[in-house]
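To be precise, the following lines are start37.cif, and they hold mmCIF, C-alpha atoms.
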data_target
loop_
_atom_site.label_atom_id
_atom_site.label_comp_id
_atom_site.auth_asym_id
_atom_site.auth_seq_id
_atom_site.Cartn_x
_atom_site.Cartn_y
_atom_site.Cartn_z
CA MET N 835 101.00 96.76 122.79
CA SER N 836 100.66 93.33 124.39
CA LEU N 837 103.68 91.21 125.30
CA GLU N 838 102.62 88.57 122.76
CA THR N 839 102.51 91.14 119.96
CA HIS N 840 105.89 92.50 121.07
CA ILE N 841 107.40 89.01 120.99
CA ASP N 842 106.01 88.26 117.54
CA SER N 843 107.24 91.55 116.14
CA GLU N 844 110.79 90.97 117.41
CA LEU N 845 110.90 87.46 116.04
CA GLU N 846 109.63 88.72 112.71
CA ALA N 847 112.17 91.55 112.62
CA VAL N 848 115.11 89.25 113.36
CA GLY N 849 113.91 86.71 110.82
CA LEU N 850 113.50 89.34 108.11
CA GLU N 851 117.00 90.69 108.76
CA ILE N 852 118.58 87.23 108.49
CA ARG N 853 116.67 86.43 105.30
CA LYS N 854 117.76 89.76 103.85
CA LEU N 855 121.39 88.88 104.55
CA ASP N 856 121.09 85.28 103.33
CA PRO N 857 117.91 84.81 101.29
CA ASN N 858 118.63 81.27 100.09
CA GLY N 859 120.74 80.05 103.02
CA LEU N 860 123.82 79.41 100.91
CA SER N 861 126.08 81.61 103.05
CA THR N 862 124.98 79.96 106.30
CA GLY N 863 125.48 76.51 104.80
CA ARG N 864 128.98 77.46 103.73
CA VAL N 865 129.78 78.85 107.21
CA LEU N 866 128.70 75.57 108.80
CA ARG N 867 130.70 73.53 106.28
CA ASP N 868 133.80 75.67 106.81
CA THR N 869 133.42 75.52 110.59
CA LEU N 870 133.28 71.72 110.60
CA ASP N 871 136.31 71.57 108.30
CA GLN N 872 138.10 74.02 110.60
CA LEU N 873 137.50 71.64 113.51
CA TYR N 874 138.60 68.56 111.57
CA ASP N 875 141.87 70.36 110.65
CA GLY N 876 142.30 67.76 107.91
CA GLN N 877 145.50 69.20 106.45
CA ARG N 878 147.34 68.36 109.67
CA THR N 879 145.30 65.46 111.02
CA GLY N 880 143.68 63.64 108.09
CA ARG N 881 140.34 63.74 109.97
CA TYR N 882 137.06 64.20 108.13
CA ARG N 883 134.31 62.95 110.48
CA PHE N 884 132.73 64.50 113.57
CA ASP N 885 133.23 61.30 115.57
CA GLN N 886 136.99 61.66 115.10
CA LEU N 887 137.06 64.83 117.20
CA PHE N 888 138.01 64.99 120.86
CA LYS N 889 135.26 65.82 123.34
CA THR N 890 136.69 69.30 123.96
CA GLU N 891 136.74 70.00 120.21
CA LYS N 892 133.09 68.99 119.87
CA THR N 893 132.22 71.34 122.73
CA HIS N 894 134.10 74.16 120.98
CA CYS N 895 132.07 73.74 117.78
CA GLY N 896 129.23 75.97 118.98
CA THR N 897 131.62 78.80 119.81
CA LEU N 898 133.20 78.62 116.35
CA VAL N 899 129.78 78.63 114.67
CA GLU N 900 128.85 81.74 116.66
CA ILE N 901 132.12 83.51 115.74
CA ASN N 902 132.04 82.54 112.07
CA LEU N 903 128.41 83.59 111.60
CA GLN N 904 129.21 86.99 113.09
CA ARG N 905 132.17 87.39 110.74
CA GLU N 906 130.09 86.39 107.73
CA PHE N 907 127.09 88.63 108.40
CA GLY N 908 128.58 91.43 110.48
CA PHE N 909 126.18 91.05 113.40
CA ALA N 910 126.76 93.64 116.12
CA ASP N 911 127.86 92.46 119.56
CA GLY N 912 125.02 92.08 122.01
CA THR N 913 124.99 93.83 125.36
CA LEU N 914 123.71 90.78 127.25
CA LEU N 915 123.74 88.05 124.61
CA ASP N 916 125.87 87.10 121.58
CA TYR N 917 124.48 89.44 118.91
CA LYS N 918 122.25 92.35 118.16
CA ILE N 919 120.31 91.70 114.96
CA GLY N 920 118.20 94.63 113.84
CA GLY N 921 118.90 96.16 117.25
CA ILE N 922 117.42 93.12 119.05
CA GLU N 923 119.39 90.97 121.51
CA VAL N 924 119.84 87.43 120.16
CA ASP N 925 121.71 84.44 121.58
CA CYS N 926 123.29 81.92 119.19
CA LYS N 927 123.09 78.22 120.00
CA TYR N 928 124.44 75.34 117.92
CA SER N 929 124.01 71.63 118.56
CA GLN N 930 125.14 68.58 116.64
CA THR N 931 122.02 66.88 118.04
CA LEU N 932 118.66 68.22 116.89
CA GLY N 933 116.96 69.58 120.01
CA GLY N 934 120.14 69.53 122.09
CA TRP N 935 120.58 73.28 122.41
CA MET N 936 121.69 74.34 125.91
CA ILE N 937 119.96 77.60 126.82
CA PRO N 938 121.68 79.77 129.47
CA PRO N 939 119.71 81.64 132.16
CA GLU N 940 120.51 85.05 130.66
CA ALA N 941 118.72 84.08 127.42
CA ARG N 942 115.33 83.66 129.12
CA GLN N 943 112.68 85.99 127.74
CA HIS N 944 114.98 86.67 124.78
CA ILE N 945 115.32 85.26 121.27
CA CYS N 946 117.68 82.40 120.45
CA LEU N 947 119.03 81.74 116.98
CA ILE N 948 119.37 77.96 116.95
CA LEU N 949 121.32 75.88 114.45
CA TRP N 950 121.91 72.21 113.81
CA ALA N 951 123.90 70.32 111.18
CA GLU N 952 124.37 66.68 110.24
CA ASP N 953 127.63 65.94 108.44
CA SER N 954 126.94 62.61 106.74
CA ASP N 955 126.52 61.05 103.31
CA ALA N 956 123.34 63.16 103.01
CA PRO N 957 124.41 66.31 104.89
CA LYS N 958 121.83 68.87 105.97
CA TRP N 959 121.31 71.75 108.38
CA SER N 960 118.55 73.80 109.97
CA MET N 961 118.28 77.25 111.50
CA GLY N 962 115.40 78.80 113.39
CA LEU N 963 114.32 81.35 115.98
CA VAL N 964 112.64 80.73 119.32
CA ARG N 965 111.55 82.96 122.19
CA VAL N 966 112.86 81.41 125.41
CA THR N 967 110.33 81.35 128.24
CA ASP N 968 110.01 79.34 131.44
CA GLU N 969 107.10 77.50 129.87
CA ASN N 970 109.12 76.11 126.94
CA LEU N 971 112.17 74.95 128.92
CA ASN N 972 112.73 71.63 130.64
CA SER N 973 112.98 71.85 134.42
CA GLY N 974 116.29 71.24 136.13
CA GLY N 975 119.36 71.86 133.99
CA ASN N 976 123.08 71.36 134.40
CA ARG N 977 125.49 72.92 136.89
CA ASP N 978 125.58 76.12 134.81
CA LEU N 979 121.79 76.33 135.08
CA LYS N 980 121.43 75.76 131.35
CA SER N 981 118.27 74.04 130.13
CA THR N 982 117.00 72.43 126.93
CA LEU N 983 113.78 73.17 125.10
CA ASN N 984 110.84 70.99 126.03
CA ALA N 985 108.27 69.74 123.52
CA ALA N 986 106.37 73.04 123.63
CA GLY N 987 109.58 74.95 123.09
CA ARG N 988 110.62 72.80 120.14
CA ASN N 989 107.18 73.21 118.61
CA SER N 990 107.43 77.00 118.95
CA ILE N 991 110.58 77.22 116.82
CA GLN N 992 110.07 79.37 113.72
CA TRP N 993 112.30 77.70 111.14
CA LEU N 994 114.09 79.97 108.69
CA PHE N 995 115.68 76.97 106.94
CA LYS N 996 114.77 73.35 107.65
CA ASP N 997 116.84 70.38 106.47
CA ALA N 998 118.64 72.51 103.90
CA PRO N 999 121.47 70.75 102.04
CA LEU N 1000 124.87 71.22 103.67
CA PRO N 1001 127.79 71.47 101.22
CA PRO N 1002 129.01 67.87 101.18
CA ASN N 1003 132.24 66.30 102.34
CA VAL N 1004 132.85 63.79 99.57
CA LEU N 1005 134.82 61.52 101.93
CA LEU N 1006 131.57 60.88 103.80
CA GLN N 1007 129.73 60.10 100.56
CA LEU N 1008 132.21 57.48 99.41
CA ASP N 1009 132.20 53.93 100.73
CA ARG N 1010 134.50 53.61 103.75
CA LYS N 1011 136.63 50.98 102.00
CA ASP N 1012 137.22 53.44 99.14
CA VAL N 1013 138.30 56.15 101.59
CA ASP N 1014 140.61 53.65 103.33
CA ARG N 1015 142.15 52.78 99.97
CA ILE N 1016 142.66 56.47 99.15
CA MET N 1017 144.29 57.22 102.49
CA ALA N 1018 146.51 54.10 102.31
CA GLN N 1019 148.44 55.45 99.32
CA LYS N 1020 152.06 56.25 100.21
CA SER N 1021 152.39 59.84 98.99
CA GLY N 1022 150.17 62.90 98.98
CA GLN N 1023 150.13 62.93 95.17
CA GLN N 1024 149.12 59.27 94.99
CA ARG N 1025 146.32 59.90 97.48
CA ILE N 1026 145.02 62.86 95.46
CA ASN N 1027 145.15 60.85 92.23
CA GLU N 1028 143.18 58.03 93.87
CA LEU N 1029 140.68 60.54 95.30
CA PHE N 1030 139.78 61.90 91.86
CA ARG N 1031 139.61 58.39 90.38
CA SER N 1032 137.20 57.33 93.13
CA ALA N 1033 135.03 60.46 93.33
CA LEU N 1034 134.05 60.89 89.67
CA CYS N 1035 131.30 63.47 89.06
CA ARG N 1036 131.24 64.57 92.71
CA ILE N 1037 132.17 67.93 94.21
CA VAL N 1038 135.58 67.75 95.88
CA SER N 1039 136.22 70.74 98.13
CA ARG N 1040 139.53 72.41 98.86
CA ALA N 1041 139.25 71.12 102.45
CA VAL N 1042 138.96 67.52 101.22
CA VAL N 1043 142.05 67.97 99.02
CA ALA N 1044 143.93 69.29 102.06
CA THR N 1045 142.73 66.35 104.18
CA VAL N 1046 143.84 63.76 101.63
CA ALA N 1047 147.14 65.39 100.71
CA ILE N 1048 148.15 66.16 104.35
CA GLN N 1049 150.87 68.54 103.18
CA ASP N 1050 151.61 72.15 102.32
CA ASP N 1051 150.64 73.52 98.89
CA TYR N 1052 148.03 70.77 98.60
CA MET N 1053 146.26 72.38 95.62
CA LYS N 1054 149.44 71.90 93.60
CA ARG N 1055 148.61 68.18 93.70
CA VAL N 1056 145.47 68.85 91.62
CA ARG N 1057 146.97 70.98 88.86
CA THR N 1058 148.80 70.22 85.63
CA ASN N 1059 152.59 70.07 85.47
CA GLY N 1060 152.82 66.96 87.60
CA GLY N 1061 149.56 67.07 89.53
CA ALA N 1062 146.45 64.93 89.20
CA ARG N 1063 145.31 66.69 86.01
CA THR N 1064 148.46 65.44 84.32
CA ALA N 1065 148.51 61.99 85.90
CA LEU N 1066 144.87 61.18 85.15
CA GLN N 1067 144.71 62.62 81.63
CA LYS N 1068 145.96 59.34 80.14
CA GLU N 1069 143.12 57.59 81.99
CA GLY N 1070 140.56 59.80 80.22
CA ILE N 1071 139.83 61.89 83.32
CA ILE N 1072 139.57 65.67 83.33
CA ILE N 1073 139.49 67.70 86.56
CA LEU N 1074 137.36 70.83 86.35
CA GLY N 1075 137.95 73.77 88.70
CA GLN N 1076 136.29 77.00 89.76
CA TYR N 1077 136.78 78.78 86.43
CA ASP N 1078 133.97 79.97 84.18
CA SER N 1079 135.19 77.92 81.22
CA HIS N 1080 135.29 74.80 83.39
CA ALA N 1081 131.82 75.47 84.79
CA ARG N 1082 130.46 75.65 81.23
CA ILE N 1083 132.04 72.27 80.44
CA ALA N 1084 130.56 70.75 83.62
CA GLN N 1085 127.10 72.07 82.76
CA ALA N 1086 127.35 70.74 79.21
CA LEU N 1087 128.42 67.29 80.47
CA GLY N 1088 125.62 67.26 83.05
CA VAL N 1089 127.85 67.04 86.14
CA PRO N 1090 127.95 69.38 89.18
CA ALA N 1091 129.64 72.68 88.36
CA PRO N 1092 132.47 73.46 90.79
CA SER N 1093 132.26 76.72 92.73
CA ARG N 1094 134.99 78.59 94.62
CA GLY N 1095 137.67 76.17 95.80
CA ASP N 1096 135.92 73.09 94.37
CA SER N 1097 136.95 70.51 91.78
CA VAL N 1098 135.06 67.84 89.84
CA SER N 1099 136.62 64.92 87.98
CA VAL N 1100 134.92 63.33 84.96
CA ARG N 1101 136.00 60.51 82.65
CA VAL N 1102 135.19 61.49 79.08
CA VAL N 1103 135.22 59.98 75.61
CA GLN N 1104 134.93 61.57 72.19
CA THR N 1105 131.71 61.78 70.22
CA THR N 1106 131.02 63.04 66.73
CA ASN N 1107 127.70 64.78 67.30
CA PRO N 1108 126.90 67.84 69.42
CA GLY N 1109 123.77 67.75 71.57
CA ASP N 1110 122.59 67.23 75.12
CA GLY N 1111 125.31 66.01 77.45
CA VAL N 1112 128.04 66.98 74.99
CA ALA N 1113 130.80 69.51 75.66
CA GLN N 1114 133.09 71.05 73.09
CA ILE N 1115 136.65 71.10 74.38
CA GLY N 1116 139.07 72.49 71.85
CA ASP N 1117 137.90 71.45 68.41
CA LYS N 1118 136.34 68.13 69.47
CA PHE N 1119 133.16 66.98 71.19
CA TRP N 1120 133.20 64.98 74.42
CA ILE N 1121 130.64 63.16 76.57
CA LYS N 1122 130.75 61.61 80.03
CA ALA N 1123 132.08 58.06 79.67
CA ARG N 1124 129.97 55.06 80.54
CA PRO N 1125 131.59 52.30 82.64
CA ASN N 1126 132.19 50.03 79.62
CA ASP N 1127 133.52 52.74 77.29
CA PRO N 1128 137.18 52.21 76.35
CA VAL N 1129 139.70 54.56 77.92
CA GLU N 1130 141.09 57.29 75.68
CA ARG N 1131 143.36 60.18 76.53
CA ALA N 1132 141.41 63.17 77.87
CA PRO N 1133 141.66 66.56 76.14
CA ASP N 1134 143.63 69.53 77.37
CA LEU N 1135 141.33 71.90 79.23
CA PRO N 1136 141.02 75.59 78.31
CA LYS N 1137 143.94 77.60 79.61
CA ILE N 1138 143.25 79.30 82.92
CA GLN N 1139 144.88 81.99 84.96
CA PRO N 1140 147.14 80.74 87.78
#

For this file, write the structure as structure tokens.
Amino acid sequence: MSLETHIDSELEAVGLEIRKLDPNGLSTGRVLRDTLDQLYDGQRTGRYRFDQLFKTEKTHCGTLVEINLQREFGFADGTLLDYKIGGIEVDCKYSQTLGGWMIPPEARQHICLILWAEDSDAPKWSMGLVRVTDENLNSGGNRDLKSTLNAAGRNSIQWLFKDAPLPPNVLLQLDRKDVDRIMAQKSGQQRINELFRSALCRIVSRAVVATVAIQDDYMKRVRTNGGARTALQKEGIIILGQYDSHARIAQALGVPAPSRGDSVSVRVVQTTNPGDGVAQIGDKFWIKARPNDPVERAPDLPKIQP
């Protein structure tokens, strides 16, 4: 068997194993989202952007991605490199800059699993495999003898997922002046109320709620009995959560359905006719309000388990 055939077969085997574990990339996207939120530590710091991190925190991001991917997929420890995937040694490299992966000397002649993510108003991520050879590395390197991929190396990447959507951070999707207004509110509850007023029909993650509330038991600020669901009901706004009954309402209204830990706020008004874009809540029919529709009290949502 030639070396080239051996290389191709290992790349193929690793790629097949990863696709078997995560066929649509949703788990990897969630790991990257959670890792970035872990670094921001919004509940204690109020941070939500990568440029708010210290230099040492940015450097630590790659290590956390490596650890969290291993936890998610159960990769075995490598003997020489980070993982063994399908019995094959694989090094894991993450960079916030596309093409900025720093390849260590011990990874030469081996396979690297490379990842990149952009946390922005249009967040995305990529993951691929590359065989590291002297021919596809830039000459020189840093004091640790690490090198980056040259043009040939970047062209040899076999992408498993390219520019896949990263679960969004709604604070990066909103206008900065709206985020500043949200964060300027005096109390955690007021900030959460303003968040759901400002982010209508957008996915709001648990991490964003923690970042805006900046307090313990932050999810309490979303619920009924004094939380945002109660405060915003008189403004015609419902807040849907991760429950099946809420997902059905979201789908009927034509807004994103919240998944685990997510919430979505929608201003609604009554209508008399069922049909597309109409949700039955209780014994009445409701549609997503248009900007000029008058405000009417929102309905009580189906009862959910605590």

The PyMOL selection byres ((chain N and resi 894) around 12) resolved against shown file, as a compact mmCIF listing (two decimals) with C-alpha atoms, keeping the file's coordinate frame:
# COMPACT_ATOMS: atom_id res chain seq x y z
CA THR N 869 133.42 75.52 110.59
CA LEU N 870 133.28 71.72 110.60
CA GLN N 872 138.10 74.02 110.60
CA LEU N 873 137.50 71.64 113.51
CA TYR N 874 138.60 68.56 111.57
CA LEU N 887 137.06 64.83 117.20
CA PHE N 888 138.01 64.99 120.86
CA LYS N 889 135.26 65.82 123.34
CA THR N 890 136.69 69.30 123.96
CA GLU N 891 136.74 70.00 120.21
CA LYS N 892 133.09 68.99 119.87
CA THR N 893 132.22 71.34 122.73
CA CYS N 895 132.07 73.74 117.78
CA GLY N 896 129.23 75.97 118.98
CA THR N 897 131.62 78.80 119.81
CA LEU N 898 133.20 78.62 116.35
CA VAL N 899 129.78 78.63 114.67
CA GLU N 900 128.85 81.74 116.66
CA ILE N 901 132.12 83.51 115.74
CA LYS N 927 123.09 78.22 120.00
CA TYR N 928 124.44 75.34 117.92
CA SER N 929 124.01 71.63 118.56
CA GLN N 930 125.14 68.58 116.64

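Distances to Ala941 in chain N were evaluated for N:Val1089, N:Leu855, N:Ala1084, N:Leu915 using all atoms listed in the file, and the minimum falls at N:Leu915.
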
Which of these residues is nearest to Asp1096 in chain N, using only C-alpha atoms: N:Asn970, N:Ser1021, N:Asn1003, N:Asn1059?
-> N:Asn1003

I need the residue set behind the PyMOL selection byres ((chain N and resi 965) around 10) for this file; please write it as a ChimeraX atom specification.
-> /N:841-842,844-845,924,941-947,963-964,966-967,970,987,990-992

Interatomic distance between CA of Val1004 in chain N and CA of Lys1137 in chain N?
-> 26.7 Å

My structure is short of atoms at range 949-963 of chain N; please model N, CA and C atoms there, returning them as a PDB file, keeping the file's coordinate frame.
ATOM      1  N   LEU N 949     120.822  76.534 115.654  1.00  0.00           N
ATOM      2  CA  LEU N 949     121.320  75.880 114.450  1.00  0.00           C
ATOM      3  C   LEU N 949     121.681  74.443 114.756  1.00  0.00           C
ATOM      4  N   TRP N 950     121.580  73.625 113.731  1.00  0.00           N
ATOM      5  CA  TRP N 950     121.910  72.210 113.810  1.00  0.00           C
ATOM      6  C   TRP N 950     122.434  71.772 112.449  1.00  0.00           C
ATOM      7  N   ALA N 951     123.399  70.865 112.446  1.00  0.00           N
ATOM      8  CA  ALA N 951     123.900  70.320 111.180  1.00  0.00           C
ATOM      9  C   ALA N 951     124.218  68.849 111.351  1.00  0.00           C
ATOM     10  N   GLU N 952     124.029  68.105 110.288  1.00  0.00           N
ATOM     11  CA  GLU N 952     124.370  66.680 110.240  1.00  0.00           C
ATOM     12  C   GLU N 952     125.353  66.481 109.100  1.00  0.00           C
ATOM     13  N   ASP N 953     126.590  66.152 109.439  1.00  0.00           N
ATOM     14  CA  ASP N 953     127.630  65.940 108.440  1.00  0.00           C
ATOM     15  C   ASP N 953     127.697  64.448 108.148  1.00  0.00           C
ATOM     16  N   SER N 954     127.071  64.035 107.053  1.00  0.00           N
ATOM     17  CA  SER N 954     126.940  62.610 106.740  1.00  0.00           C
ATOM     18  C   SER N 954     126.976  62.443 105.229  1.00  0.00           C
ATOM     19  N   ASP N 955     126.565  61.261 104.760  1.00  0.00           N
ATOM     20  CA  ASP N 955     126.520  61.050 103.310  1.00  0.00           C
ATOM     21  C   ASP N 955     125.380  61.812 102.662  1.00  0.00           C
ATOM     22  N   ALA N 956     124.418  62.287 103.478  1.00  0.00           N
ATOM     23  CA  ALA N 956     123.340  63.160 103.010  1.00  0.00           C
ATOM     24  C   ALA N 956     123.278  64.372 103.945  1.00  0.00           C
ATOM     25  N   PRO N 957     124.279  65.244 103.882  1.00  0.00           N
ATOM     26  CA  PRO N 957     124.410  66.310 104.890  1.00  0.00           C
ATOM     27  C   PRO N 957     123.318  67.361 104.782  1.00  0.00           C
ATOM     28  N   LYS N 958     122.887  67.866 105.935  1.00  0.00           N
ATOM     29  CA  LYS N 958     121.830  68.870 105.970  1.00  0.00           C
ATOM     30  C   LYS N 958     121.986  69.724 107.216  1.00  0.00           C
ATOM     31  N   TRP N 959     121.252  70.839 107.235  1.00  0.00           N
ATOM     32  CA  TRP N 959     121.310  71.750 108.380  1.00  0.00           C
ATOM     33  C   TRP N 959     119.984  72.473 108.515  1.00  0.00           C
ATOM     34  N   SER N 960     119.762  73.017 109.704  1.00  0.00           N
ATOM     35  CA  SER N 960     118.550  73.800 109.970  1.00  0.00           C
ATOM     36  C   SER N 960     118.908  75.006 110.830  1.00  0.00           C
ATOM     37  N   MET N 961     118.108  76.055 110.686  1.00  0.00           N
ATOM     38  CA  MET N 961     118.280  77.250 111.500  1.00  0.00           C
ATOM     39  C   MET N 961     116.914  77.852 111.784  1.00  0.00           C
ATOM     40  N   GLY N 962     116.680  78.223 113.031  1.00  0.00           N
ATOM     41  CA  GLY N 962     115.400  78.800 113.390  1.00  0.00           C
ATOM     42  C   GLY N 962     115.515  79.786 114.538  1.00  0.00           C
ATOM     43  N   LEU N 963     114.391  80.372 114.898  1.00  0.00           N
ATOM     44  CA  LEU N 963     114.320  81.350 115.980  1.00  0.00           C
ATOM     45  C   LEU N 963     113.287  80.876 117.003  1.00  0.00           C
TER      46      LEU N 963
END
